[in-house]
Each structure stands twice: as C-alpha cells, then as structure tokens.
>>> print(open('protein_21.pdb').read())   # PDB, C-alpha atoms
ATOM      1  CA  MET H 281     -43.937  62.506 -67.703
ATOM      2  CA  SER H 282     -47.042  63.379 -65.700
ATOM      3  CA  VAL H 283     -48.270  66.915 -65.038
ATOM      4  CA  ARG H 284     -47.452  66.384 -61.341
ATOM      5  CA  SER H 285     -43.858  65.363 -62.168
ATOM      6  CA  VAL H 286     -43.411  68.393 -64.411
ATOM      7  CA  SER H 287     -44.827  70.674 -61.695
ATOM      8  CA  LEU H 288     -42.485  69.227 -59.054
ATOM      9  CA  PHE H 289     -39.513  69.598 -61.404
ATOM     10  CA  LEU H 290     -40.366  73.238 -62.165
ATOM     11  CA  CYS H 291     -40.778  74.020 -58.450
ATOM     12  CA  ALA H 292     -37.414  72.440 -57.649
ATOM     13  CA  LEU H 293     -35.778  74.370 -60.497
ATOM     14  CA  ALA H 294     -37.283  77.666 -59.302
ATOM     15  CA  ILE H 295     -36.044  77.039 -55.750
ATOM     16  CA  SER H 296     -32.500  76.181 -56.904
ATOM     17  CA  VAL H 297     -32.323  79.204 -59.219
ATOM     18  CA  SER H 298     -33.670  81.546 -56.546
ATOM     19  CA  ALA H 299     -30.958  80.395 -54.130
ATOM     20  CA  TYR H 300     -28.411  82.190 -56.318
ATOM     21  CA  ALA H 301     -30.660  84.974 -57.618
ATOM     22  CA  GLN H 302     -31.201  86.914 -54.425
ATOM     23  CA  GLU H 303     -32.027  90.575 -54.788
ATOM     24  CA  TYR H 304     -32.161  93.393 -52.244
ATOM     25  CA  ASP H 305     -33.347  96.990 -52.288
ATOM     26  CA  LEU H 306     -32.097  99.802 -50.048
ATOM     27  CA  GLY H 307     -33.587 103.154 -50.979
ATOM     28  CA  SER H 308     -32.838 103.688 -54.668
ATOM     29  CA  LEU H 309     -30.120 101.008 -54.684
ATOM     30  CA  HIS H 310     -30.778  97.524 -56.065
ATOM     31  CA  ILE H 311     -28.285  94.797 -55.074
ATOM     32  CA  SER H 312     -28.383  91.486 -56.917
ATOM     33  CA  ARG H 313     -26.541  88.179 -57.363
ATOM     34  CA  PRO H 314     -24.206  88.229 -54.330
ATOM     35  CA  TYR H 315     -21.889  85.231 -54.585
ATOM     36  CA  ALA H 316     -18.402  84.034 -53.707
ATOM     37  CA  ARG H 317     -16.319  81.253 -55.173
ATOM     38  CA  ALA H 318     -15.419  78.264 -53.035
ATOM     39  CA  THR H 319     -11.910  78.230 -51.587
ATOM     40  CA  VAL H 320      -9.509  75.368 -50.958
ATOM     41  CA  PRO H 321      -8.330  74.374 -47.451
ATOM     42  CA  GLY H 322      -5.565  76.682 -46.253
ATOM     43  CA  GLN H 323      -6.479  79.483 -48.655
ATOM     44  CA  PRO H 324      -6.393  82.617 -46.461
ATOM     45  CA  GLY H 325      -8.673  84.801 -48.574
ATOM     46  CA  GLY H 326     -11.503  84.813 -51.039
ATOM     47  CA  GLY H 327     -13.553  87.137 -53.173
ATOM     48  CA  ALA H 328     -17.214  88.116 -53.214
ATOM     49  CA  PHE H 329     -19.054  89.574 -56.174
ATOM     50  CA  LEU H 330     -22.400  91.288 -56.738
ATOM     51  CA  SER H 331     -24.174  93.911 -58.782
ATOM     52  CA  ILE H 332     -25.283  97.319 -57.474
ATOM     53  CA  GLU H 333     -27.670  99.442 -59.496
ATOM     54  CA  ASN H 334     -28.409 103.040 -58.521
ATOM     55  CA  LYS H 335     -31.963 103.630 -59.768
ATOM     56  CA  GLY H 336     -32.126 107.053 -58.147
ATOM     57  CA  LYS H 337     -31.414 110.615 -59.224
ATOM     58  CA  GLU H 338     -28.668 111.193 -56.631
ATOM     59  CA  ALA H 339     -25.195 109.687 -56.430
ATOM     60  CA  ASP H 340     -24.205 107.388 -53.580
ATOM     61  CA  LYS H 341     -21.058 105.451 -52.646
ATOM     62  CA  LEU H 342     -20.292 101.997 -51.325
ATOM     63  CA  ILE H 343     -17.970 102.956 -48.460
ATOM     64  CA  GLY H 344     -17.563  99.750 -46.465
ATOM     65  CA  VAL H 345     -18.027  95.983 -46.331
ATOM     66  CA  SER H 346     -17.817  93.452 -43.507
ATOM     67  CA  SER H 347     -18.511  89.776 -42.906
ATOM     68  CA  SER H 348     -18.285  87.379 -39.992
ATOM     69  CA  VAL H 349     -16.474  84.813 -42.195
ATOM     70  CA  ALA H 350     -13.307  86.937 -42.451
ATOM     71  CA  LYS H 351     -11.054  88.936 -40.130
ATOM     72  CA  SER H 352     -11.290  91.838 -42.561
ATOM     73  CA  SER H 353     -13.113  92.752 -45.757
ATOM     74  CA  GLU H 354     -12.094  95.382 -48.289
ATOM     75  CA  ILE H 355     -13.310  96.831 -51.571
ATOM     76  CA  HIS H 356     -10.690  96.075 -54.236
ATOM     77  CA  THR H 357     -10.147  96.623 -57.913
ATOM     78  CA  MET H 358      -8.187  94.344 -60.213
ATOM     79  CA  SER H 359      -6.551  95.094 -63.538
ATOM     80  CA  MET H 360      -4.027  93.507 -65.848
ATOM     81  CA  ASP H 361      -0.791  95.274 -66.757
ATOM     82  CA  GLY H 362       0.593  93.084 -69.511
ATOM     83  CA  ASN H 363       0.824  89.648 -67.893
ATOM     84  CA  VAL H 364       0.779  91.004 -64.352
ATOM     85  CA  MET H 365      -2.405  91.138 -62.307
ATOM     86  CA  LYS H 366      -2.592  94.226 -60.104
ATOM     87  CA  MET H 367      -4.998  94.341 -57.184
ATOM     88  CA  ARG H 368      -5.457  97.268 -54.852
ATOM     89  CA  GLU H 369      -7.839  98.456 -52.170
ATOM     90  CA  VAL H 370     -10.017 101.341 -53.334
ATOM     91  CA  GLY H 371     -11.947 102.049 -50.139
ATOM     92  CA  GLU H 372     -15.141 103.098 -51.899
ATOM     93  CA  ILE H 373     -17.043 102.801 -55.169
ATOM     94  CA  ASP H 374     -18.894 105.737 -56.728
ATOM     95  CA  LEU H 375     -22.484 104.967 -57.690
ATOM     96  CA  PRO H 376     -23.650 107.752 -60.031
ATOM     97  CA  PRO H 377     -27.385 108.109 -60.734
ATOM     98  CA  ALA H 378     -28.798 105.598 -63.242
ATOM     99  CA  SER H 379     -25.653 103.440 -63.206
ATOM    100  CA  THR H 380     -24.735  99.829 -62.444
ATOM    101  CA  VAL H 381     -21.528  98.380 -61.021
ATOM    102  CA  ASP H 382     -21.096  94.675 -61.810
ATOM    103  CA  MET H 383     -18.442  92.923 -59.750
ATOM    104  CA  LYS H 384     -17.011  89.933 -61.632
ATOM    105  CA  PRO H 385     -14.022  87.633 -61.128
ATOM    106  CA  GLY H 386     -10.936  88.832 -62.972
ATOM    107  CA  HIS H 387     -12.452  92.171 -63.923
ATOM    108  CA  GLY H 388     -12.814  95.462 -62.063
ATOM    109  CA  TYR H 389     -14.207  95.576 -58.550
ATOM    110  CA  HIS H 390     -14.625  92.780 -56.016
ATOM    111  CA  ILE H 391     -14.883  92.375 -52.259
ATOM    112  CA  MET H 392     -11.761  90.847 -50.762
ATOM    113  CA  LEU H 393     -12.336  88.590 -47.734
ATOM    114  CA  MET H 394      -9.070  88.261 -45.814
ATOM    115  CA  GLY H 395      -8.306  85.929 -42.931
ATOM    116  CA  LEU H 396     -11.108  83.464 -43.587
ATOM    117  CA  SER H 397     -12.216  81.646 -40.439
ATOM    118  CA  GLN H 398     -12.797  78.483 -42.529
ATOM    119  CA  PRO H 399     -12.875  77.552 -46.217
ATOM    120  CA  LEU H 400     -15.833  78.768 -48.265
ATOM    121  CA  LYS H 401     -17.667  75.626 -49.416
ATOM    122  CA  ALA H 402     -19.928  75.386 -52.469
ATOM    123  CA  GLY H 403     -23.565  75.393 -51.410
ATOM    124  CA  ASP H 404     -22.958  77.409 -48.233
ATOM    125  CA  LYS H 405     -24.123  80.971 -47.609
ATOM    126  CA  PHE H 406     -22.716  83.721 -45.421
ATOM    127  CA  PRO H 407     -23.745  87.252 -44.432
ATOM    128  CA  LEU H 408     -22.102  90.328 -45.917
ATOM    129  CA  THR H 409     -22.877  93.839 -44.699
ATOM    130  CA  LEU H 410     -22.641  96.648 -47.249
ATOM    131  CA  THR H 411     -22.399 100.256 -46.034
ATOM    132  CA  PHE H 412     -23.391 103.122 -48.322
ATOM    133  CA  ARG H 413     -22.734 106.811 -47.648
ATOM    134  CA  LYS H 414     -26.376 107.913 -48.135
ATOM    135  CA  ALA H 415     -28.509 104.754 -48.202
ATOM    136  CA  GLY H 416     -27.032 103.265 -45.006
ATOM    137  CA  LYS H 417     -26.377  99.573 -44.272
ATOM    138  CA  ILE H 418     -27.841  96.355 -45.572
ATOM    139  CA  GLU H 419     -26.966  92.716 -44.907
ATOM    140  CA  VAL H 420     -27.074  90.404 -47.913
ATOM    141  CA  SER H 421     -26.715  86.631 -48.086
ATOM    142  CA  VAL H 422     -23.788  85.511 -50.239
ATOM    143  CA  ALA H 423     -24.131  82.130 -51.978
ATOM    144  CA  VAL H 424     -20.886  80.159 -52.335
ATOM    145  CA  THR H 425     -20.467  78.596 -55.784
ATOM    146  CA  ASP H 426     -17.971  76.012 -56.975
ATOM    147  CA  LEU H 427     -14.694  77.208 -58.466
ATOM    148  CA  SER H 428     -16.223  77.451 -61.948
ATOM    149  CA  GLY H 429     -18.745  80.015 -60.643
ATOM    150  CA  LYS H 430     -21.749  77.675 -60.777
TER
END
>>> encode(input="protein_21.pdb", output="structure tokens")
Amino acid sequence: MSVRSVSLFLCALAISVSAYAQEYDLGSLHISRPYARATVPGQPGGGAFLSIENKGKEADKLIGVSSSVAKSSEIHTMSMDGNVMKMREVGEIDLPPASTVDMKPGHGYHIMLMGLSQPLKAGDKFPLTLTFRKAGKIEVSVAVTDLSGK
C-alpha cells in the first residue's frame, strides 16, 4: 500500500469517526457523543443519548429538551424492577460540580422523542436543543446509528 493510499484511508477514517464523535461546550458544560438509534417504520418514538460533563464549580440542571423531528421530547429515566422495565419522565437532571451524566440505552437517563415525524434512519442527523438552568441553551447534532448502536 502506498503512502498516499494510507493517508487517504486515515483521512476517511478520521472523518467517519468524527461524524459520531461530536463535542460541544456551553460554559462549564461539555456535551459529547449525541446519538439516537434508528427506528423502524411506524415506530412512534425513539431515544437519544449523550454525555454531559459539568467541569465547573457550580451545579447546573438539564431542564428541557426539544427537537424538530418529534412532536414532543422529554427527559426520562429507565430502570428494571425484576423483569419489568419502568420508564418515567423526570423533567430535569441534576449536574453537580465535577460530575458526568452518561445517557445509555437500557440504563438510567435518556431523551424520549415522541410522535416522530418520520423514522430515524441510520446515517442521518437531526438537531436537538438542550436547555440548562444556568448555562442556557445549545443545539447539538444527533447522529442516527443502526439498531446495534454503530
């Protein structure tokens, strides 16, 4: 393999990795890896996931979410009670100083997108606005992955 071929391959790899590795800063908050899983036709809702790190010395809260791809968006938590999955809206997430909240499928917090205007397709992106009590608002780009999360 030539040096040129290796260089082109590495550039392509960096571009594909960066498509899913978006990061945002808003004051002392660092938001990373916003993604959603693809949905199937007719599925009325979906979930979005991301990580929020509070690098500051003061607490903040995620108090709202919205997106043009859904009629409504809510902050939810999910837990298992035996073999029963329980999901409920929490309204807000506390972000203590020097802490990180990682939203992951099947565990803890996620953003519920209800009344999708169309299916979420792998490879697509959509905007998601996050509203924080102190830091304000920021729009992030959410990458849609296949159902396996890739």
>>> resolve_selection(input="protein_21.pdb", expression="the PyMOL selection byres ((chain H and resi 348) around 10)", output="VMD selection string")
chain H and resid 346 to 347 349 to 353 393 396 to 397 406 to 409
>>> residues_around(input="protein_21.pdb", residues="region 376-380 of chain H", least_positions_apart="6", cutoff="10 Å", atoms="only C-alpha atoms", output="PyMOL selection string")
chain H and resi 308-311+331-341
>>> atom_distance(input="protein_21.pdb", atom1="CA of Val424 (chain H)", atom2="CA of Tyr304 (chain H)")
17.4 Å
>>> closest_residue(input="protein_21.pdb", among="H:Gly307, H:Val345, H:Thr357, H:Leu400", to="Asp426 (chain H)", atoms="only C-alpha atoms")
H:Leu400
>>> resolve_selection(input="protein_21.pdb", expression="the PyMOL selection byres ((chain H and resi 313-323) around 8)", output="ChimeraX atom specification")
/H:300-303,311-312,324-331,396,398-402,420-429
